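S.K.: If you scroll down you'll find the structure; I have some questions about it.
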Amino acid sequence: MTFINVFTVTDPANQHRLVDLLTRVTNDIVRHVPGFISSSLHRSLDGTKVTMYAQWRSMAEYDAMRVDPRPVPYFEQALAISTFAPGSYEVVEDFAPEPR
């Protein structure tokens, strides 16, 4: 499963704070949860968005993380300075450069 979650900060001055919050929750809690595969954190060049691309083994394991109370304070702080547009995706195809 792939999750592409886009946060839009209410004030571009908060983009760095949001990146810090998402980095901490991922490093301290999320990456240790069963089913977590990987994630990448992106910030827009215009200062308005932060996007988290994450991969999980299954929707059930992702859902288990979402009900874990430990990340809640981080997410509450994130939602105080941004809006959140979650997206759930199934990987259809992976592409890589051709071997030389």
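Just so we're on the same page: first chain in the structure tokens is A, next is B, and so on; residues restart at 1 for each chain, and ligands are numbered from 1 in the order they show up.
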Residues of segment 10-100 of chain A in helix (DSSP H, G or I) according to DSSP, as a PyMOL selection string?

M.R.: chain A and resi 12-28+30-32+59-67+72-81

S.K.: Find the residue from A:Val25, A:Val67, A:Ile81, A:Ile37 that sits nearest to Tyr53 of chain A; use only C-alpha atoms when measuring.

M.R.: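 Ranking A:Val25, A:Val67, A:Ile81, A:Ile37 by distance to Tyr53 of chain A, first place goes to A:Ile37.
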
S.K.: So that I can see what lies close to segment 55-65 of chain A, please list as a ChimeraX atom specification the residues with an atom at most 12 Å from it, counting only C-alpha atoms and leaving out residues fewer than 3 positions away in the same chain.

M.R.: /A:1-5,25-26,29-41,52,68-72,87-91

S.K.: Counting only C-alpha atoms, which residue out of A:Asp94, A:Leu45, A:Tyr74, A:Phe84 sits closest to Asp28 of chain A?

M.R.: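 When distances to Asp28 of chain A are compared using only C-alpha atoms, the smallest one comes from A:Tyr74.
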
S.K.: Which residues are close to Thr10 of chain A, i.e. within 12 Å by only C-alpha atoms, leaving aside same-chain residues fewer than 4 positions away? Reply as a PyMOL selection string.

M.R.: chain A and resi 14-15+17-18+47-50+78-84

S.K.: Identify which of the residues A:Arg66, A:Ala54, A:Gln77, A:Val92 lies closest to Asp20 of chain A, counting only C-alpha atoms when measuring atom-to-atom distances.

M.R.: A:Gln77

S.K.: When you count only C-alpha atoms, which of these residues is closest to Val6 of chain A: A:Pro73, A:Glu93, A:Pro86, A:Arg43?

M.R.: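 Once distances to Val6 of chain A are computed over only C-alpha atoms, the minimum belongs to A:Pro86.
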
S.K.: Do you have the atom CA of Leu22 of chain A-atom CA of Ala85 of chain A distance handy?

M.R.: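 These atoms are spaced 14.7 Å apart.
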
S.K.: Quick one, how far is atom CA of Asp46 of chain A from atom CA of Asn27 of chain A?

M.R.: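 The value is 25.4 Å.
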
S.K.: Out of segment 12-99 of chain A, which residues get strand (DSSP E) from DSSP, as a ChimeraX atom specification?

M.R.: /A:36-43,49-56,82-85,88-89
